[in-house]
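For reference, query-v3.pdb is printed below; it contains PDB, C-alpha atoms, pLDDT in the B column.
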MODEL        1
ATOM      1  CA  ASP M   1      94.201 114.731  94.158  1.00 62.00           C
ATOM      2  CA  ALA M   2      97.513 116.551  94.369  1.00 72.00           C
ATOM      3  CA  GLY M   3     100.080 114.983  96.621  1.00 91.00           C
ATOM      4  CA  VAL M   4     102.804 116.837  98.456  1.00 94.00           C
ATOM      5  CA  THR M   5     104.497 119.369  96.206  1.00 95.00           C
ATOM      6  CA  GLN M   6     107.855 121.011  96.813  1.00 97.00           C
ATOM      7  CA  SER M   7     109.616 123.837  95.060  1.00 97.00           C
ATOM      8  CA  PRO M   8     112.107 124.308  93.653  1.00 97.00           C
ATOM      9  CA  THR M   9     113.305 120.839  92.665  1.00 96.00           C
ATOM     10  CA  HIS M  10     116.953 121.867  92.438  1.00 96.00           C
ATOM     11  CA  LEU M  11     118.873 124.811  93.823  1.00 96.00           C
ATOM     12  CA  ILE M  12     122.486 125.922  93.868  1.00 98.00           C
ATOM     13  CA  LYS M  13     123.593 128.456  96.473  1.00 98.00           C
ATOM     14  CA  THR M  14     126.867 129.950  97.602  1.00 98.00           C
ATOM     15  CA  ARG M  15     128.248 129.408 101.091  1.00 98.00           C
ATOM     16  CA  GLY M  16     126.974 132.099 103.460  1.00 98.00           C
ATOM     17  CA  GLN M  17     123.801 132.779 101.516  1.00 98.00           C
ATOM     18  CA  GLN M  18     120.239 132.174 102.677  1.00 98.00           C
ATOM     19  CA  VAL M  19     117.702 129.848 101.054  1.00 98.00           C
ATOM     20  CA  THR M  20     113.935 129.299 101.266  1.00 98.00           C
ATOM     21  CA  LEU M  21     112.299 126.026 100.305  1.00 98.00           C
ATOM     22  CA  ARG M  22     108.548 125.620  99.913  1.00 98.00           C
ATOM     23  CA  CYS M  23     106.068 122.807 100.511  1.00 97.00           C
ATOM     24  CA  SER M  24     102.357 122.369  99.875  1.00 97.00           C
ATOM     25  CA  PRO M  25     100.844 119.476 101.802  1.00 94.00           C
ATOM     26  CA  LYS M  26      98.534 116.825 100.434  1.00 92.00           C
ATOM     27  CA  SER M  27      94.935 117.952 100.244  1.00 91.00           C
ATOM     28  CA  GLY M  28      93.242 117.537 103.616  1.00 89.00           C
ATOM     29  CA  HIS M  29      96.476 117.415 105.588  1.00 91.00           C
ATOM     30  CA  ASP M  30      97.255 120.039 108.201  1.00 92.00           C
ATOM     31  CA  THR M  31     100.746 119.109 109.381  1.00 92.00           C
ATOM     32  CA  VAL M  32     104.075 119.549 107.660  1.00 94.00           C
ATOM     33  CA  SER M  33     107.399 118.003 108.664  1.00 94.00           C
ATOM     34  CA  TRP M  34     110.787 118.738 107.144  1.00 96.00           C
ATOM     35  CA  TYR M  35     113.658 116.277 106.775  1.00 97.00           C
ATOM     36  CA  GLN M  36     117.244 116.575 105.567  1.00 98.00           C
ATOM     37  CA  GLN M  37     118.730 113.638 103.676  1.00 97.00           C
ATOM     38  CA  ALA M  38     122.467 113.712 103.107  1.00 96.00           C
ATOM     39  CA  LEU M  39     123.903 111.561 100.339  1.00 93.00           C
ATOM     40  CA  GLY M  40     123.885 107.882 101.282  1.00 91.00           C
ATOM     41  CA  GLN M  41     121.976 108.455 104.533  1.00 94.00           C
ATOM     42  CA  GLY M  42     118.432 108.168 105.756  1.00 95.00           C
ATOM     43  CA  PRO M  43     116.374 111.334 106.257  1.00 96.00           C
ATOM     44  CA  GLN M  44     116.840 113.262 109.490  1.00 96.00           C
ATOM     45  CA  PHE M  45     113.996 115.140 111.131  1.00 95.00           C
ATOM     46  CA  ILE M  46     114.391 118.916 111.192  1.00 97.00           C
ATOM     47  CA  PHE M  47     111.047 120.081 112.614  1.00 95.00           C
ATOM     48  CA  GLN M  48     107.285 119.799 112.338  1.00 93.00           C
ATOM     49  CA  TYR M  49     104.680 122.547 111.957  1.00 94.00           C
ATOM     50  CA  TYR M  50     101.102 122.250 113.120  1.00 91.00           C
ATOM     51  CA  GLU M  51      98.574 125.043 113.542  1.00 90.00           C
ATOM     52  CA  GLU M  52     101.186 127.500 112.294  1.00 93.00           C
ATOM     53  CA  GLU M  53     103.579 126.712 115.125  1.00 93.00           C
ATOM     54  CA  GLU M  54     106.710 124.613 115.439  1.00 94.00           C
ATOM     55  CA  ARG M  55     105.562 121.623 117.431  1.00 91.00           C
ATOM     56  CA  GLN M  56     108.692 119.506 117.561  1.00 91.00           C
ATOM     57  CA  ARG M  57     112.286 120.062 116.544  1.00 94.00           C
ATOM     58  CA  GLY M  58     115.150 117.721 115.797  1.00 94.00           C
ATOM     59  CA  ASN M  59     118.818 118.291 116.447  1.00 95.00           C
ATOM     60  CA  PHE M  60     119.392 121.140 114.020  1.00 97.00           C
ATOM     61  CA  PRO M  61     120.888 124.592 114.704  1.00 97.00           C
ATOM     62  CA  ASP M  62     118.877 127.799 114.784  1.00 96.00           C
ATOM     63  CA  ARG M  63     120.056 128.567 111.261  1.00 98.00           C
ATOM     64  CA  PHE M  64     117.200 126.302 110.258  1.00 98.00           C
ATOM     65  CA  SER M  65     113.829 127.956 110.714  1.00 97.00           C
ATOM     66  CA  GLY M  66     110.398 127.530 109.272  1.00 97.00           C
ATOM     67  CA  HIS M  67     106.935 128.849 108.899  1.00 97.00           C
ATOM     68  CA  GLN M  68     103.480 127.482 108.278  1.00 97.00           C
ATOM     69  CA  PHE M  69     100.779 129.529 106.620  1.00 97.00           C
ATOM     70  CA  PRO M  70      97.016 129.446 107.258  1.00 96.00           C
ATOM     71  CA  ASN M  71      96.537 127.270 104.155  1.00 95.00           C
ATOM     72  CA  TYR M  72      98.921 124.732 105.803  1.00 95.00           C
ATOM     73  CA  SER M  73     101.715 125.254 103.285  1.00 97.00           C
ATOM     74  CA  SER M  74     105.162 125.670 104.769  1.00 97.00           C
ATOM     75  CA  GLU M  75     108.578 127.172 104.190  1.00 98.00           C
ATOM     76  CA  LEU M  76     111.988 126.025 105.363  1.00 98.00           C
ATOM     77  CA  ASN M  77     114.622 128.742 105.691  1.00 98.00           C
ATOM     78  CA  VAL M  78     118.310 128.105 106.101  1.00 98.00           C
ATOM     79  CA  ASN M  79     120.632 131.015 106.909  1.00 97.00           C
ATOM     80  CA  ALA M  80     124.401 131.277 106.569  1.00 98.00           C
ATOM     81  CA  LEU M  81     124.627 128.215 104.364  1.00 98.00           C
ATOM     82  CA  LEU M  82     127.473 125.780 104.908  1.00 98.00           C
ATOM     83  CA  LEU M  83     128.868 123.256 102.451  1.00 98.00           C
ATOM     84  CA  GLY M  84     127.477 120.562 104.765  1.00 97.00           C
ATOM     85  CA  ASP M  85     123.947 121.802 104.195  1.00 98.00           C
ATOM     86  CA  SER M  86     124.075 120.271 100.729  1.00 98.00           C
ATOM     87  CA  ALA M  87     121.367 117.593 100.807  1.00 98.00           C
ATOM     88  CA  LEU M  88     117.937 116.528  99.635  1.00 97.00           C
ATOM     89  CA  TYR M  89     115.295 118.321 101.686  1.00 98.00           C
ATOM     90  CA  LEU M  90     112.072 116.399 102.019  1.00 96.00           C
ATOM     91  CA  CYS M  91     108.708 117.645 103.148  1.00 95.00           C
ATOM     92  CA  ALA M  92     106.138 115.260 104.614  1.00 93.00           C
ATOM     93  CA  SER M  93     102.499 115.971 105.294  1.00 91.00           C
ATOM     94  CA  SER M  94     100.077 114.232 107.586  1.00 88.00           C
ATOM     95  CA  LEU M  95      96.838 114.787 109.442  1.00 85.00           C
ATOM     96  CA  GLY M  96      97.340 115.826 113.030  1.00 78.00           C
ATOM     97  CA  GLY M  97     101.023 114.992 112.944  1.00 66.00           C
ATOM     98  CA  GLY M  98     100.704 111.420 114.049  1.00 65.00           C
ATOM     99  CA  GLY M  99      98.837 108.664 112.386  1.00 65.00           C
ATOM    100  CA  THR M 100      99.906 105.638 110.468  1.00 66.00           C
ATOM    101  CA  GLU M 101     101.405 107.257 107.417  1.00 71.00           C
ATOM    102  CA  ALA M 102     103.060 110.405 106.196  1.00 81.00           C
ATOM    103  CA  PHE M 103     103.225 111.393 102.546  1.00 89.00           C
ATOM    104  CA  PHE M 104     106.453 112.842 101.215  1.00 92.00           C
ATOM    105  CA  GLY M 105     107.142 115.211  98.375  1.00 93.00           C
ATOM    106  CA  GLN M 106     109.794 114.636  95.720  1.00 93.00           C
ATOM    107  CA  GLY M 107     112.246 116.825  97.598  1.00 95.00           C
ATOM    108  CA  THR M 108     114.433 119.826  96.863  1.00 97.00           C
ATOM    109  CA  ARG M 109     118.061 119.069  96.102  1.00 97.00           C
ATOM    110  CA  LEU M 110     120.187 121.857  97.539  1.00 98.00           C
ATOM    111  CA  THR M 111     123.817 122.209  96.532  1.00 98.00           C
ATOM    112  CA  VAL M 112     125.990 124.689  98.420  1.00 98.00           C
ATOM    113  CA  VAL M 113     129.197 125.696  96.627  1.00 97.00           C
TER     114      VAL M 113
ATOM    115  CA  ALA J   1     122.957 103.596 119.975  1.00 65.00           C
ATOM    116  CA  GLN J   2     121.243 103.448 116.638  1.00 76.00           C
ATOM    117  CA  LYS J   3     117.477 103.500 116.953  1.00 93.00           C
ATOM    118  CA  ILE J   4     116.928 101.879 113.565  1.00 97.00           C
ATOM    119  CA  THR J   5     119.460  99.445 112.140  1.00 97.00           C
ATOM    120  CA  GLN J   6     119.398  98.154 108.608  1.00 97.00           C
ATOM    121  CA  THR J   7     122.331  95.784 108.236  1.00 96.00           C
ATOM    122  CA  GLN J   8     122.063  95.131 104.497  1.00 96.00           C
ATOM    123  CA  PRO J   9     123.541  98.002 102.471  1.00 94.00           C
ATOM    124  CA  GLY J  10     122.599  96.228  99.251  1.00 96.00           C
ATOM    125  CA  MET J  11     120.527  93.237  98.196  1.00 96.00           C
ATOM    126  CA  PHE J  12     119.971  91.431  94.903  1.00 97.00           C
ATOM    127  CA  VAL J  13     116.882  89.404  94.046  1.00 97.00           C
ATOM    128  CA  GLN J  14     115.759  87.580  90.935  1.00 98.00           C
ATOM    129  CA  GLU J  15     112.604  88.848  89.315  1.00 98.00           C
ATOM    130  CA  LYS J  16     109.465  87.053  90.600  1.00 97.00           C
ATOM    131  CA  GLU J  17     111.293  85.838  93.725  1.00 98.00           C
ATOM    132  CA  ALA J  18     110.553  86.987  97.283  1.00 98.00           C
ATOM    133  CA  VAL J  19     113.030  89.055  99.279  1.00 98.00           C
ATOM    134  CA  THR J  20     113.322  90.041 102.933  1.00 98.00           C
ATOM    135  CA  LEU J  21     114.833  93.350 104.011  1.00 98.00           C
ATOM    136  CA  ASP J  22     115.980  93.430 107.627  1.00 98.00           C
ATOM    137  CA  CYS J  23     115.236  96.107 110.205  1.00 98.00           C
ATOM    138  CA  THR J  24     115.857  96.101 113.941  1.00 98.00           C
ATOM    139  CA  TYR J  25     114.873  98.921 116.266  1.00 97.00           C
ATOM    140  CA  ASP J  26     115.654 100.146 119.727  1.00 96.00           C
ATOM    141  CA  THR J  27     113.144 101.872 121.970  1.00 93.00           C
ATOM    142  CA  SER J  28     112.044 101.835 125.576  1.00 92.00           C
ATOM    143  CA  ASP J  29     108.569 103.112 124.713  1.00 91.00           C
ATOM    144  CA  GLN J  30     105.678 100.666 124.786  1.00 92.00           C
ATOM    145  CA  SER J  31     103.811 102.590 122.138  1.00 92.00           C
ATOM    146  CA  TYR J  32     105.530 103.079 118.795  1.00 93.00           C
ATOM    147  CA  GLY J  33     104.973 102.711 115.085  1.00 92.00           C
ATOM    148  CA  LEU J  34     107.158 101.181 112.423  1.00 95.00           C
ATOM    149  CA  PHE J  35     107.171 102.268 108.795  1.00 94.00           C
ATOM    150  CA  TRP J  36     108.746 101.180 105.554  1.00 97.00           C
ATOM    151  CA  TYR J  37     109.363 103.587 102.699  1.00 96.00           C
ATOM    152  CA  LYS J  38     110.640 103.093  99.156  1.00 97.00           C
ATOM    153  CA  GLN J  39     112.818 105.749  97.573  1.00 96.00           C
ATOM    154  CA  PRO J  40     113.404 105.464  93.808  1.00 95.00           C
ATOM    155  CA  SER J  41     116.202 107.406  92.178  1.00 91.00           C
ATOM    156  CA  SER J  42     113.754 110.289  91.665  1.00 88.00           C
ATOM    157  CA  GLY J  43     114.001 111.011  95.401  1.00 89.00           C
ATOM    158  CA  GLU J  44     110.396 110.810  96.528  1.00 89.00           C
ATOM    159  CA  MET J  45     109.758 108.700  99.631  1.00 92.00           C
ATOM    160  CA  ILE J  46     106.861 106.339  98.947  1.00 93.00           C
ATOM    161  CA  PHE J  47     104.981 104.941 101.951  1.00 92.00           C
ATOM    162  CA  LEU J  48     104.680 101.153 101.807  1.00 95.00           C
ATOM    163  CA  ILE J  49     103.449  99.744 105.089  1.00 95.00           C
ATOM    164  CA  TYR J  50     102.864 100.515 108.767  1.00 93.00           C
ATOM    165  CA  GLN J  51     102.908  98.374 111.914  1.00 95.00           C
ATOM    166  CA  GLY J  52     101.794  99.612 115.330  1.00 92.00           C
ATOM    167  CA  SER J  53     103.399  98.193 118.442  1.00 94.00           C
ATOM    168  CA  TYR J  54     100.056  96.954 119.728  1.00 93.00           C
ATOM    169  CA  ASP J  55      98.956  95.399 116.451  1.00 91.00           C
ATOM    170  CA  GLU J  56      98.680  91.655 116.932  1.00 89.00           C
ATOM    171  CA  GLN J  57      98.621  90.790 113.253  1.00 94.00           C
ATOM    172  CA  ASN J  58     101.498  91.401 110.865  1.00 96.00           C
ATOM    173  CA  ALA J  59     100.673  94.214 108.464  1.00 95.00           C
ATOM    174  CA  THR J  60     100.176  93.428 104.791  1.00 96.00           C
ATOM    175  CA  GLU J  61      99.703  95.722 101.796  1.00 95.00           C
ATOM    176  CA  GLY J  62      99.507  93.931  98.477  1.00 97.00           C
ATOM    177  CA  ARG J  63     102.922  92.377  97.756  1.00 98.00           C
ATOM    178  CA  TYR J  64     104.386  93.904 100.927  1.00 98.00           C
ATOM    179  CA  SER J  65     104.197  92.328 104.345  1.00 97.00           C
ATOM    180  CA  LEU J  66     105.901  93.223 107.577  1.00 97.00           C
ATOM    181  CA  ASN J  67     107.312  90.419 109.700  1.00 97.00           C
ATOM    182  CA  PHE J  68     106.948  91.956 113.157  1.00 97.00           C
ATOM    183  CA  GLN J  69     108.766  90.173 115.987  1.00 96.00           C
ATOM    184  CA  LYS J  70     108.280  92.367 119.031  1.00 95.00           C
ATOM    185  CA  ALA J  71     110.450  90.398 121.455  1.00 95.00           C
ATOM    186  CA  ARG J  72     113.361  90.514 119.036  1.00 96.00           C
ATOM    187  CA  LYS J  73     112.613  94.150 118.123  1.00 96.00           C
ATOM    188  CA  SER J  74     112.640  93.384 114.445  1.00 97.00           C
ATOM    189  CA  ALA J  75     110.350  94.589 111.659  1.00 98.00           C
ATOM    190  CA  ASN J  76     111.484  92.989 108.436  1.00 98.00           C
ATOM    191  CA  LEU J  77     109.884  93.882 105.116  1.00 98.00           C
ATOM    192  CA  VAL J  78     108.973  90.996 102.827  1.00 98.00           C
ATOM    193  CA  ILE J  79     108.373  91.730  99.154  1.00 98.00           C
ATOM    194  CA  SER J  80     106.772  88.869  97.277  1.00 97.00           C
ATOM    195  CA  ALA J  81     107.028  88.298  93.523  1.00 96.00           C
ATOM    196  CA  SER J  82     109.687  90.984  92.961  1.00 97.00           C
ATOM    197  CA  GLN J  83     109.330  93.204  89.927  1.00 97.00           C
ATOM    198  CA  LEU J  84     111.940  95.268  88.081  1.00 97.00           C
ATOM    199  CA  GLY J  85     110.211  98.396  89.339  1.00 97.00           C
ATOM    200  CA  ASP J  86     110.981  97.363  92.922  1.00 98.00           C
ATOM    201  CA  SER J  87     114.629  98.341  92.407  1.00 98.00           C
ATOM    202  CA  ALA J  88     115.122 101.260  94.808  1.00 98.00           C
ATOM    203  CA  MET J  89     116.338 102.259  98.267  1.00 98.00           C
ATOM    204  CA  TYR J  90     114.204 100.979 101.116  1.00 98.00           C
ATOM    205  CA  PHE J  91     114.082 102.702 104.483  1.00 98.00           C
ATOM    206  CA  CYS J  92     112.753 101.468 107.796  1.00 97.00           C
ATOM    207  CA  ALA J  93     111.552 104.175 110.190  1.00 95.00           C
ATOM    208  CA  MET J  94     110.064 104.469 113.678  1.00 94.00           C
ATOM    209  CA  ARG J  95     107.864 106.919 115.513  1.00 91.00           C
ATOM    210  CA  GLU J  96     108.313 106.543 119.273  1.00 88.00           C
ATOM    211  CA  GLY J  97     105.817 107.214 122.005  1.00 79.00           C
ATOM    212  CA  LEU J  98     102.507 109.016 121.999  1.00 69.00           C
ATOM    213  CA  ARG J  99     103.927 112.559 122.019  1.00 71.00           C
ATOM    214  CA  SER J 100     106.625 112.278 119.379  1.00 76.00           C
ATOM    215  CA  TYR J 101     105.867 113.222 115.837  1.00 80.00           C
ATOM    216  CA  GLN J 102     109.231 112.643 114.210  1.00 89.00           C
ATOM    217  CA  LEU J 103     110.202 109.637 112.149  1.00 91.00           C
ATOM    218  CA  THR J 104     113.655 108.201 112.806  1.00 94.00           C
ATOM    219  CA  PHE J 105     115.060 106.465 109.751  1.00 96.00           C
ATOM    220  CA  GLY J 106     117.654 103.786 109.207  1.00 97.00           C
ATOM    221  CA  LYS J 107     120.403 104.112 106.618  1.00 96.00           C
ATOM    222  CA  GLY J 108     118.508 102.121 104.061  1.00 97.00           C
ATOM    223  CA  THR J 109     118.963  99.060 101.873  1.00 98.00           C
ATOM    224  CA  LYS J 110     119.485  99.290  98.134  1.00 98.00           C
ATOM    225  CA  LEU J 111     117.471  96.567  96.412  1.00 98.00           C
ATOM    226  CA  SER J 112     118.326  95.542  92.878  1.00 98.00           C
ATOM    227  CA  VAL J 113     115.954  93.243  90.998  1.00 98.00           C
ATOM    228  CA  ILE J 114     117.655  91.137  88.338  1.00 97.00           C
ATOM    229  CA  PRO J 115     115.707  90.074  85.219  1.00 95.00           C
TER     230      PRO J 115
ENDMDL
END

Will you turn the file into structure tokens for me?
Amino acid sequence: DAGVTQSPTHLIKTRGQQVTLRCSPKSGHDTVSWYQQALGQGPQFIFQYYEEEERQRGNFPDRFSGHQFPNYSSELNVNALLLGDSALYLCASSLGGGGTEAFFGQGTRLTVV
Amino acid sequence: AQKITQTQPGMFVQEKEAVTLDCTYDTSDQSYGLFWYKQPSSGEMIFLIYQGSYDEQNATEGRYSLNFQKARKSANLVISASQLGDSAMYFCAMREGLRSYQLTFGKGTKLSVIP
């Protein structure tokens, strides 16, 4: 049973560019949440997608956008990259969005230079 | 105010000993859930244990137990019989209310298990 998979694992981008990160949820899960984890910090919630719509959003600017596909996989897009966007981006999947556990992927480490 | 506070940036424990990682939380909701995750150097967040605010019994999962003290708003993680593979970052997190889906994390505690 495949868990949550994210791609790519590492990425280097130049300031001002755009980036797309991808996530496939655990089999049977229909909800995907995205988190940003800066170095030495805990993850911060970006947004959650359920039924192909953004259901809840954290305190992140509009440069951060996402999409969920009919197969429940999801993309995170970040426009006009800033140096401060350098972080580990984690995807979590769950069933229905709530529940007692959420499974995380291994993350995508984004470096903006 | 911080919603999740983990006051121990780093902890050391001898192999085979028990260790307690502290977590206090702040919420005005009556319904909430508390989570603990382990994050090895590889980066993946591994779910360890969950405690609901209405659960009367402390949660246990194998060597992990959660010491839930509702009045004190604390949810400490106890790891029994520490193993070298337990060395990692540990994060406490909370989901508040019935309509919130986000997890709010603390800053984490780095646990080092000494042989």

Enumerate, as JSON, numbers by chain, the residues matched when the PyMOL selection byres ((chain M) within 10 of (chain J)) is run on the file above. {"M": [4, 33, 34, 35, 37, 40, 41, 42, 43, 44, 45, 46, 47, 48, 55, 56, 57, 58, 88, 89, 90, 91, 92, 96, 97, 98, 99, 100, 101, 102, 103, 104, 105, 106, 107, 108, 109]}

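Distance-wise, atom CA of M:His29 and atom CA of M:Glu51 end up 11.2 Å apart.
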
Just so the selection is clear, what residues does the PyMOL selection byres ((chain J and resi 64) around 9) cover here, as a VMD selection string? chain J and resid 48 to 49 59 to 63 65 to 66 77 to 80

What is the atom CA of M:Ser93-atom CA of M:Thr9 distance in Å, reported with one decimal?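 Distance between the two atoms: 17.3 Å.
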
Selection result for the PyMOL selection byres ((chain M and resi 62-72) around 9) on this file, as a ChimeraX atom specification: /M:20,24-25,29-32,46-54,60-61,73-81

Atom CA of J:Glu15 to atom CA of J:Ile114, distance in Å rounded to a single decimal: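 Pair atom CA of J:Glu15 / atom CA of J:Ile114 returns 5.6 Å.
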
I'd like the neighbourhood of J:Ala81 as a PyMOL selection string, where a residue qualifies if any of its atoms comes within 6 Å (using only C-alpha atoms), though same-chain residues fewer than 6 positions away should be ignored. chain J and resi 16-18

Using only C-alpha atoms, give me every residue within 9 Å of (125.0, 127.8, 102.1) in file coordinates, as a VMD selection string. chain M and resid 12 to 19 78 to 86 110 to 113

Please produce a file of those selected residues containing C-alpha atoms, as a short mmCIF file (atom, residue, chain, number, x, y, z; two decimals), keeping the file's coordinate frame.
data_model
loop_
_atom_site.label_atom_id
_atom_site.label_comp_id
_atom_site.auth_asym_id
_atom_site.auth_seq_id
_atom_site.Cartn_x
_atom_site.Cartn_y
_atom_site.Cartn_z
CA ILE M 12 122.49 125.92 93.87
CA LYS M 13 123.59 128.46 96.47
CA THR M 14 126.87 129.95 97.60
CA ARG M 15 128.25 129.41 101.09
CA GLY M 16 126.97 132.10 103.46
CA GLN M 17 123.80 132.78 101.52
CA GLN M 18 120.24 132.17 102.68
CA VAL M 19 117.70 129.85 101.05
CA VAL M 78 118.31 128.10 106.10
CA ASN M 79 120.63 131.01 106.91
CA ALA M 80 124.40 131.28 106.57
CA LEU M 81 124.63 128.22 104.36
CA LEU M 82 127.47 125.78 104.91
CA LEU M 83 128.87 123.26 102.45
CA GLY M 84 127.48 120.56 104.76
CA ASP M 85 123.95 121.80 104.20
CA SER M 86 124.08 120.27 100.73
CA LEU M 110 120.19 121.86 97.54
CA THR M 111 123.82 122.21 96.53
CA VAL M 112 125.99 124.69 98.42
CA VAL M 113 129.20 125.70 96.63
#

Build an axis-aligned box that encloses every atom of stretch 26-33 of chain J listed in the file, pad it by 5 Å on each side, and report its centre and edge lengths in Å to one decimal, as AutoDock Vina command-line options.
--center_x 109.7 --center_y 101.6 --center_z 120.3 --size_x 21.8 --size_y 13.0 --size_z 20.5

Quick one: everything within 12 Å of J:Ser28, counting all atoms listed in the file, minus sequence neighbours fewer than 6 positions away in the same chain. Send it as number ranges by chain. J: 3, 53, 73, 96-97

Nearest to J:Tyr54: which of J:Gln69, J:Met94, J:Tyr32, J:Lys38 is it, counting all atoms listed in the file?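 Under the stated criterion, the closest residue is J:Tyr32.
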
Please tell me which residues are no farther than 6 Å from (113.2, 95.5, 106.7) in the file, counting all atoms listed in the file, and write them as JSON, numbers by chain. {"J": [21, 22, 23, 75, 76, 77]}

Would you mind completing stretch 102-109 of chain M so that it carries all heavy atoms, and writing it out as a PDB file, in the coordinates of the input?
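Once everything was written out, this is result_20.pdb:
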ATOM      1  N   ALA M 102     102.739 109.035 106.560  1.00 81.00           N
ATOM      2  CA  ALA M 102     103.060 110.405 106.196  1.00 81.00           C
ATOM      3  C   ALA M 102     103.447 110.383 104.727  1.00 81.00           C
ATOM      4  O   ALA M 102     104.188 109.507 104.289  1.00 81.00           O
ATOM      5  CB  ALA M 102     104.190 110.944 107.051  1.00 81.00           C
ATOM      6  N   PHE M 103     102.939 111.326 103.973  1.00 89.00           N
ATOM      7  CA  PHE M 103     103.225 111.393 102.546  1.00 89.00           C
ATOM      8  C   PHE M 103     104.325 112.408 102.300  1.00 89.00           C
ATOM      9  O   PHE M 103     104.281 113.520 102.801  1.00 89.00           O
ATOM     10  CB  PHE M 103     101.960 111.791 101.784  1.00 89.00           C
ATOM     11  CG  PHE M 103     100.892 110.737 101.810  1.00 89.00           C
ATOM     12  CD1 PHE M 103      99.926 110.731 102.799  1.00 89.00           C
ATOM     13  CD2 PHE M 103     100.868 109.734 100.852  1.00 89.00           C
ATOM     14  CE1 PHE M 103      98.943 109.755 102.836  1.00 89.00           C
ATOM     15  CE2 PHE M 103      99.887 108.758 100.879  1.00 89.00           C
ATOM     16  CZ  PHE M 103      98.926 108.774 101.871  1.00 89.00           C
ATOM     17  N   PHE M 104     105.301 111.995 101.514  1.00 92.00           N
ATOM     18  CA  PHE M 104     106.453 112.842 101.215  1.00 92.00           C
ATOM     19  C   PHE M 104     106.349 113.446  99.825  1.00 92.00           C
ATOM     20  O   PHE M 104     105.764 112.843  98.910  1.00 92.00           O
ATOM     21  CB  PHE M 104     107.746 112.024 101.291  1.00 92.00           C
ATOM     22  CG  PHE M 104     108.225 111.771 102.688  1.00 92.00           C
ATOM     23  CD1 PHE M 104     107.656 110.779 103.468  1.00 92.00           C
ATOM     24  CD2 PHE M 104     109.261 112.522 103.236  1.00 92.00           C
ATOM     25  CE1 PHE M 104     108.099 110.528 104.758  1.00 92.00           C
ATOM     26  CE2 PHE M 104     109.718 112.272 104.525  1.00 92.00           C
ATOM     27  CZ  PHE M 104     109.135 111.283 105.283  1.00 92.00           C
ATOM     28  N   GLY M 105     106.960 114.606  99.678  1.00 93.00           N
ATOM     29  CA  GLY M 105     107.142 115.211  98.375  1.00 93.00           C
ATOM     30  C   GLY M 105     108.372 114.646  97.687  1.00 93.00           C
ATOM     31  O   GLY M 105     109.063 113.776  98.232  1.00 93.00           O
ATOM     32  N   GLN M 106     108.667 115.161  96.497  1.00 93.00           N
ATOM     33  CA  GLN M 106     109.794 114.636  95.720  1.00 93.00           C
ATOM     34  C   GLN M 106     111.121 115.240  96.167  1.00 93.00           C
ATOM     35  O   GLN M 106     112.170 114.797  95.751  1.00 93.00           O
ATOM     36  CB  GLN M 106     109.587 114.893  94.217  1.00 93.00           C
ATOM     37  CG  GLN M 106     109.945 116.298  93.743  1.00 93.00           C
ATOM     38  CD  GLN M 106     108.934 117.354  94.120  1.00 93.00           C
ATOM     39  OE1 GLN M 106     107.947 117.100  94.815  1.00 93.00           O
ATOM     40  NE2 GLN M 106     109.150 118.573  93.642  1.00 93.00           N
ATOM     41  N   GLY M 107     111.039 116.249  97.030  1.00 95.00           N
ATOM     42  CA  GLY M 107     112.246 116.825  97.598  1.00 95.00           C
ATOM     43  C   GLY M 107     112.823 117.981  96.802  1.00 95.00           C
ATOM     44  O   GLY M 107     112.526 118.177  95.617  1.00 95.00           O
ATOM     45  N   THR M 108     113.636 118.758  97.475  1.00 97.00           N
ATOM     46  CA  THR M 108     114.433 119.826  96.863  1.00 97.00           C
ATOM     47  C   THR M 108     115.893 119.472  97.073  1.00 97.00           C
ATOM     48  O   THR M 108     116.325 119.289  98.216  1.00 97.00           O
ATOM     49  CB  THR M 108     114.146 121.190  97.499  1.00 97.00           C
ATOM     50  OG1 THR M 108     112.818 121.584  97.215  1.00 97.00           O
ATOM     51  CG2 THR M 108     115.120 122.247  96.966  1.00 97.00           C
ATOM     52  N   ARG M 109     116.628 119.370  95.976  1.00 97.00           N
ATOM     53  CA  ARG M 109     118.061 119.069  96.102  1.00 97.00           C
ATOM     54  C   ARG M 109     118.833 120.370  96.162  1.00 97.00           C
ATOM     55  O   ARG M 109     118.872 121.120  95.176  1.00 97.00           O
ATOM     56  CB  ARG M 109     118.538 118.206  94.939  1.00 97.00           C
ATOM     57  CG  ARG M 109     119.988 117.732  95.153  1.00 97.00           C
ATOM     58  CD  ARG M 109     120.355 116.553  94.293  1.00 97.00           C
ATOM     59  NE  ARG M 109     119.579 115.349  94.570  1.00 97.00           N
ATOM     60  CZ  ARG M 109     119.782 114.535  95.589  1.00 97.00           C
ATOM     61  NH1 ARG M 109     120.736 114.783  96.457  1.00 97.00           N
ATOM     62  NH2 ARG M 109     119.029 113.448  95.726  1.00 97.00           N
TER      63      ARG M 109
END
